[in-house]
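**Q** For reference, the structure I am asking about is given below.
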2 protein chains.
Amino acid sequence: MKEPQSNRSENEQTKHPATDDTQDRGGAESMTNRAYTQLRADIISGVLVPGRKLKIEELRKLYNVGTSPIREALSLLTSELFVERLDQRGFRVANISLKEFDELLKTRYWLEERALRESIANGDKHWEEQVLLAAYRLSRIPRSEAADHFASNGEWEEQHKLFHMTLLSACGSSILLKLCELLYDQNVRYRQLSGVIAYPTRDINAEHGAITDAILARNADLATELLIEHYTLTGDVLKEQLVH
Amino acid sequence: MKEPQSNRSENEQTKHPATDDTQDRGGAESMTNRAYTQLRADIISGVLVPGRKLKIEELRKLYNVGTSPIREALSLLTSELFVERLDQRGFRVANISLKEFDELLKTRYWLEERALRESIANGDKHWEEQVLLAAYRLSRIPRSEAADHFASNGEWEEQHKLFHMTLLSACGSSILLKLCELLYDQNVRYRQLSGVIAYPTRDINAEHGAITDAILARNADLATELLIEHYTLTGDVLKEQLVH
DNA sequence: ATTAATAGAAAAATCGATATTTTAAGTGTT
DNA sequence: AACACTTAAAATATCGATTTTTCTATTAAT
């Protein structure tokens, strides 16, 4: 009934409605959300490199919004550890380091092991089915968008995260789940930034399958062992890249 | 005597005690920081009750700042779980519930147990001394500001948090430490809101002392058991209050 | 009586302009 | 040449006004 959003069609490359949005309200998205989503994506993908100064004016023009939405989006990303705020001196993309990656990996082990063990102990039939389903769906999506060279596949990324979060979803603490998600996203950023092409010697689907099997068999020790190994393998490749 | 309580440290764990500001800029604090600190304090203390609508205009006048700092502060508090953002419908103080408190408590067990065990395994002599020192300092501060009735003592709160964070500080992951801090703060809010007067039958100093002793003896099993019991006791009193 | 429609009020989101602070460059002095 | 001081430029932080959206109360319709 009101004037249709004039600038709606601009920059609509990120089509999928990201992660959250508890309530779907007919496509009306706030500028802050748009800026947030795009900034986040650009930081994770590495378009905005670590340490880069994030000048308000620059971003304002880049994303076609005013200063307020930009600053709000940056504030949100600050607590998510993607952006650093320097009092009175603006924002910058969070730095990365081998040391921090080690900590990140270690912390993920600790949190995800706990979450997985709790899930296996408490998860019901419905959870089991969701795990199975998530594993299946993931297995049907190609890791790379192109066959001859590696090109990050957004669909795969999405489903991969969903798979791993589903494993933990019955842990009985939505707070822990949120923290695991936070760390997962941090890890994705490291993975993207390190430019890990592929894992030539690995069969990731097989790894996911083995984890799924162990879970369905309610073998907590094996499942956690496999999950941690899964992360360790990726982590090692990643660390290799980071030192160079 | 407001600690900026910065959650935006430049990923440096070299947190020298007592030295607040990296650079003392003559008391010049940004409006955003001021709003953030005050809002945070008012939410934790219960001045702003759970679920309360946070109208921008109202806060603007209350804290004597413009809309931008208010919105930025609210955005920061959103990721800290103190404030909820409803897309296009503003902000409100995060709700509390018995269910969420249970989750919070459970998650704290998991994270702090891990952090404490790692600290005991890896902590050096310097860490031991800091634990001892923190325990001593805490024991010298009265729990209540008044002798005849209970009145929350800010100094005690500060040192109590410092004590518990010191226990975990040698865990080897600044990320985990940050998460524990986040959950600790959430817990403080619940404690304040439930209006827990005191713990008549408890000797909290003795509990802290026992934990300290177990740590200095490098008895990880005993230390974690005591720590969790410490939290459980408070948690039970708290839950009792929450249902009423 | 219940639902639907709608106008008016309230609040949120956003913008563009202004004020403040920081950064960078230049200038002169020891 | 090194150091402090001054000044110009850039960038941040902040404000107040405007635009959009949501909320609420009232009226109309089934």
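Simple scheme: letters A, B, ... for chains in structure tokens order, numbers from 1 for residues in each chain, numbers from 1 for ligands in the order shown.
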Using DSSP on the backbone coordinates, identify all residues within region 20-94 of chain B classified as alpha helix (DSSP H); present the result as a ChimeraX atom specification.

**A** /B:31-45,56-63,67-79

**Q** Only C-alpha atoms, please: the residues just picked out, written as a short mmCIF file (atom, residue, chain, number, x, y, z; two decimals), in the first residue's frame.

**A**
data_model
loop_
_atom_site.label_atom_id
_atom_site.label_comp_id
_atom_site.auth_asym_id
_atom_site.auth_seq_id
_atom_site.Cartn_x
_atom_site.Cartn_y
_atom_site.Cartn_z
CA MET B 31 28.92 8.40 24.45
CA THR B 32 28.42 4.90 23.13
CA ASN B 33 30.60 3.49 25.87
CA ARG B 34 28.80 5.49 28.49
CA ALA B 35 25.41 4.37 27.29
CA TYR B 36 26.65 0.80 27.02
CA THR B 37 28.05 0.71 30.53
CA GLN B 38 25.01 2.29 32.11
CA LEU B 39 22.49 0.22 30.22
CA ARG B 40 24.39 -2.92 31.08
CA ALA B 41 24.52 -2.03 34.74
CA ASP B 42 20.84 -1.15 34.81
CA ILE B 43 19.90 -4.43 33.20
CA ILE B 44 22.05 -6.52 35.50
CA SER B 45 20.89 -4.71 38.59
CA ILE B 56 14.95 4.69 21.96
CA GLU B 57 13.45 8.06 22.73
CA GLU B 58 13.02 7.15 26.36
CA LEU B 59 16.60 5.98 26.76
CA ARG B 60 17.84 8.95 24.81
CA LYS B 61 16.43 11.31 27.36
CA LEU B 62 17.29 9.11 30.31
CA TYR B 63 20.99 8.91 29.48
CA THR B 67 19.91 7.94 19.17
CA SER B 68 23.02 6.57 17.54
CA PRO B 69 24.95 5.80 20.73
CA ILE B 70 21.86 4.24 22.23
CA ARG B 71 21.27 1.99 19.27
CA GLU B 72 24.91 1.00 19.11
CA ALA B 73 24.99 0.16 22.78
CA LEU B 74 21.85 -1.91 22.40
CA SER B 75 23.37 -3.72 19.46
CA LEU B 76 26.38 -4.62 21.54
CA LEU B 77 24.21 -5.84 24.38
CA THR B 78 22.22 -7.94 21.96
CA SER B 79 25.10 -10.28 21.24
#

**Q** For DC23 (chain D), please output as number ranges by chain all residues within 9 Å (counting only C-alpha atoms (C1' of nucleotides); exclusion window: fewer than 6 positions along the same chain).

**A** C: 9-11

**Q** Counting only C-alpha atoms (C1' of nucleotides), which residues of chain A come no farther than 7 Å from chain D, as a short mmCIF file (atom, residue, chain, number, x, y, z; two decimals) with C-alpha atoms, in the first residue's frame?

**A**
data_model
loop_
_atom_site.label_atom_id
_atom_site.label_comp_id
_atom_site.auth_asym_id
_atom_site.auth_seq_id
_atom_site.Cartn_x
_atom_site.Cartn_y
_atom_site.Cartn_z
CA GLN A 88 37.23 6.68 19.08
CA ARG A 89 39.29 5.24 16.25
CA GLY A 90 36.74 3.25 14.38
#

**Q** Please report as a Markdown table every residue of chain A lying within 8 Å of chain B, along with the nearest atom pair and their distance in Å (one decimal), using only C-alpha atoms.

**A**
| residue | atom | partner | partner_atom | distance |
| --- | --- | --- | --- | --- |
| A:Ser30 | CA | B:Gln88 | CA | 6.9 |
| A:Ser68 | CA | B:Ser68 | CA | 6.6 |
| A:Arg71 | CA | B:Glu72 | CA | 7.1 |
| A:Glu72 | CA | B:Glu72 | CA | 5.4 |
| A:Ser75 | CA | B:Leu76 | CA | 5.7 |
| A:Leu76 | CA | B:Ser75 | CA | 5.6 |
| A:Thr78 | CA | B:Arg8 | CA | 7.2 |
| A:Ser79 | CA | B:Ser79 | CA | 5.9 |
| A:Glu80 | CA | B:Ser79 | CA | 7.2 |
| A:Glu84 | CA | B:Arg8 | CA | 6.3 |
| A:Arg85 | CA | B:Arg8 | CA | 6.1 |
| A:Leu86 | CA | B:Arg8 | CA | 7.7 |
| A:Asp87 | CA | B:Ser30 | CA | 7.3 |
| A:Gln88 | CA | B:Ser30 | CA | 6.9 |
| A:Glu103 | CA | B:Ser173 | CA | 5.1 |
| A:Leu104 | CA | B:Ile175 | CA | 6.9 |
| A:Lys106 | CA | B:Ser173 | CA | 7.6 |
| A:Thr107 | CA | B:Leu176 | CA | 6.2 |
| A:Trp110 | CA | B:Arg114 | CA | 7.3 |
| A:Leu111 | CA | B:Leu111 | CA | 7.4 |
| A:Arg114 | CA | B:Trp110 | CA | 7.3 |
| A:Gly172 | CA | B:Glu103 | CA | 7.2 |
| A:Ser173 | CA | B:Glu103 | CA | 5.1 |
| A:Ser174 | CA | B:Glu103 | CA | 7.3 |
| A:Ile175 | CA | B:Leu104 | CA | 6.9 |
| A:Leu176 | CA | B:Thr107 | CA | 6.2 |
| A:Leu179 | CA | B:Leu179 | CA | 7.9 |

**Q** Determine which residues of region 45-232 of chain B DSSP labels as strand (DSSP E or B) from the backbone of this structure, then write them out as an mmCIF file with N, CA and C atoms, in the first residue's frame.

**A**
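Printed below is part25.cif as written:
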data_model
loop_
_atom_site.group_PDB
_atom_site.id
_atom_site.type_symbol
_atom_site.label_atom_id
_atom_site.label_comp_id
_atom_site.auth_asym_id
_atom_site.auth_seq_id
_atom_site.Cartn_x
_atom_site.Cartn_y
_atom_site.Cartn_z
ATOM 1 N N LYS B 53 10.214 -3.090 27.367
ATOM 2 C CA LYS B 53 10.463 -2.462 26.081
ATOM 3 C C LYS B 53 11.500 -1.366 26.259
ATOM 4 N N LEU B 54 12.476 -1.344 25.378
ATOM 5 C CA LEU B 54 13.502 -0.311 25.468
ATOM 6 C C LEU B 54 13.280 0.698 24.348
ATOM 7 N N VAL B 83 20.068 -8.141 25.775
ATOM 8 C CA VAL B 83 19.005 -7.425 25.068
ATOM 9 C C VAL B 83 18.561 -8.243 23.865
ATOM 10 N N GLU B 84 17.273 -8.183 23.574
ATOM 11 C CA GLU B 84 16.762 -8.853 22.392
ATOM 12 C C GLU B 84 16.371 -7.820 21.353
ATOM 13 N N ARG B 85 16.694 -8.141 20.110
ATOM 14 C CA ARG B 85 16.342 -7.224 19.044
ATOM 15 C C ARG B 85 15.223 -7.839 18.220
ATOM 16 N N LEU B 86 14.169 -7.074 18.048
ATOM 17 C CA LEU B 86 13.062 -7.540 17.226
ATOM 18 C C LEU B 86 13.081 -6.724 15.953
ATOM 19 N N GLY B 90 12.189 -2.754 17.345
ATOM 20 C CA GLY B 90 12.945 -2.234 18.468
ATOM 21 C C GLY B 90 13.607 -3.269 19.358
ATOM 22 N N PHE B 91 13.955 -2.840 20.548
ATOM 23 C CA PHE B 91 14.696 -3.674 21.483
ATOM 24 C C PHE B 91 13.905 -3.883 22.767
ATOM 25 N N ARG B 92 14.241 -4.943 23.453
ATOM 26 C CA ARG B 92 13.687 -5.141 24.786
ATOM 27 C C ARG B 92 14.706 -5.860 25.659
ATOM 28 N N VAL B 93 14.558 -5.699 26.942
ATOM 29 C CA VAL B 93 15.438 -6.394 27.866
ATOM 30 C C VAL B 93 15.184 -7.893 27.740
ATOM 31 N N SER B 144 28.257 -7.876 52.086
ATOM 32 C CA SER B 144 27.221 -6.841 52.045
ATOM 33 C C SER B 144 27.809 -5.506 52.488
ATOM 34 N N SER B 152 23.930 -5.063 48.150
ATOM 35 C CA SER B 152 24.942 -5.503 47.196
ATOM 36 C C SER B 152 26.195 -4.625 47.223
#

**Q** Find the residues around Val243 (chain A) up to 9 Å (only C-alpha atoms (C1' of nucleotides) counted), leave out those fewer than 4 positions away in its own chain, and share them as a PyMOL selection string.

**A** chain A and resi 98+238-239

**Q** Which residues are close to Asn219 (chain A), i.e. within 10 Å by only C-alpha atoms (C1' of nucleotides), leaving aside same-chain residues fewer than 5 positions away? Reply as a PyMOL selection string.

**A** chain A and resi 117+120-121+211+213-214+224

**Q** Taking only C-alpha atoms (C1' of nucleotides) into account, produce a table as JSON lines in which each residue of chain C with an atom at most 8 Å from an atom of chain A appears once, together with its shortest atom pair and the distance in Å to one decimal, ordered by chain and rising number.

**A**
{"residue": "C:DA13", "atom": "C1'", "partner": "A:Ser30", "partner_atom": "CA", "distance": 7.8}
{"residue": "C:DT14", "atom": "C1'", "partner": "A:Gly66", "partner_atom": "CA", "distance": 6.7}
{"residue": "C:DC15", "atom": "C1'", "partner": "A:Gly66", "partner_atom": "CA", "distance": 5.8}
{"residue": "C:DT21", "atom": "C1'", "partner": "A:Gln88", "partner_atom": "CA", "distance": 7.2}
{"residue": "C:DT22", "atom": "C1'", "partner": "A:Arg89", "partner_atom": "CA", "distance": 7.1}

**Q** Could those selected residues go to a file with N, CA and C atoms (P, O5', C5', C4', C3', O3' and C1' of nucleotides), as an mmCIF file, in the first residue's frame?

**A**
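Contents of the output file selection.cif:
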data_model
loop_
_atom_site.group_PDB
_atom_site.id
_atom_site.type_symbol
_atom_site.label_atom_id
_atom_site.label_comp_id
_atom_site.auth_asym_id
_atom_site.auth_seq_id
_atom_site.Cartn_x
_atom_site.Cartn_y
_atom_site.Cartn_z
ATOM 1 P P DA C 13 14.265 -0.749 14.891
ATOM 2 O "O5'" DA C 13 14.563 0.090 13.575
ATOM 3 C "C5'" DA C 13 13.715 -0.110 12.450
ATOM 4 C "C4'" DA C 13 14.132 0.798 11.326
ATOM 5 C "C3'" DA C 13 15.618 0.793 10.974
ATOM 6 O "O3'" DA C 13 15.709 0.543 9.588
ATOM 7 C "C1'" DA C 13 14.858 3.022 11.288
ATOM 8 P P DT C 14 17.104 0.385 8.859
ATOM 9 O "O5'" DT C 14 17.424 1.849 8.361
ATOM 10 C "C5'" DT C 14 16.484 2.484 7.504
ATOM 11 C "C4'" DT C 14 16.847 3.935 7.339
ATOM 12 C "C3'" DT C 14 18.310 4.198 6.984
ATOM 13 O "O3'" DT C 14 18.350 4.561 5.618
ATOM 14 C "C1'" DT C 14 17.419 5.807 8.527
ATOM 15 P P DC C 15 19.755 4.811 4.918
ATOM 16 O "O5'" DC C 15 19.817 6.401 4.909
ATOM 17 C "C5'" DC C 15 18.664 7.130 4.506
ATOM 18 C "C4'" DC C 15 18.828 8.605 4.850
ATOM 19 C "C3'" DC C 15 20.168 9.186 4.422
ATOM 20 O "O3'" DC C 15 19.935 10.216 3.479
ATOM 21 C "C1'" DC C 15 19.607 9.783 6.678
ATOM 22 P P DT C 21 36.364 15.729 21.821
ATOM 23 O "O5'" DT C 21 37.281 14.744 20.967
ATOM 24 C "C5'" DT C 21 36.766 13.471 20.606
ATOM 25 C "C4'" DT C 21 37.679 12.836 19.587
ATOM 26 C "C3'" DT C 21 39.163 12.889 19.978
ATOM 27 O "O3'" DT C 21 39.612 11.556 20.133
ATOM 28 C "C1'" DT C 21 38.829 13.525 17.705
ATOM 29 P P DT C 22 41.148 11.216 20.470
ATOM 30 O "O5'" DT C 22 41.704 10.884 19.019
ATOM 31 C "C5'" DT C 22 41.064 9.864 18.262
ATOM 32 C "C4'" DT C 22 41.652 9.820 16.858
ATOM 33 C "C3'" DT C 22 43.159 9.564 16.818
ATOM 34 O "O3'" DT C 22 43.391 8.535 15.885
ATOM 35 C "C1'" DT C 22 42.620 11.458 15.520
#

**Q** Quote the spacing between CA of Ala134 (chain B) and CA of Gly195 (chain B) in Å to one decimal place.

**A**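 Atom-to-atom, CA of Ala134 (chain B) to CA of Gly195 (chain B), that is 25.8 Å.
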
**Q** What does the distance between CA of Ala210 (chain B) and CA of Leu226 (chain B) come to in Å, to one decimal place?

**A**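 Pair CA of Ala210 (chain B) / CA of Leu226 (chain B) returns 7.5 Å.
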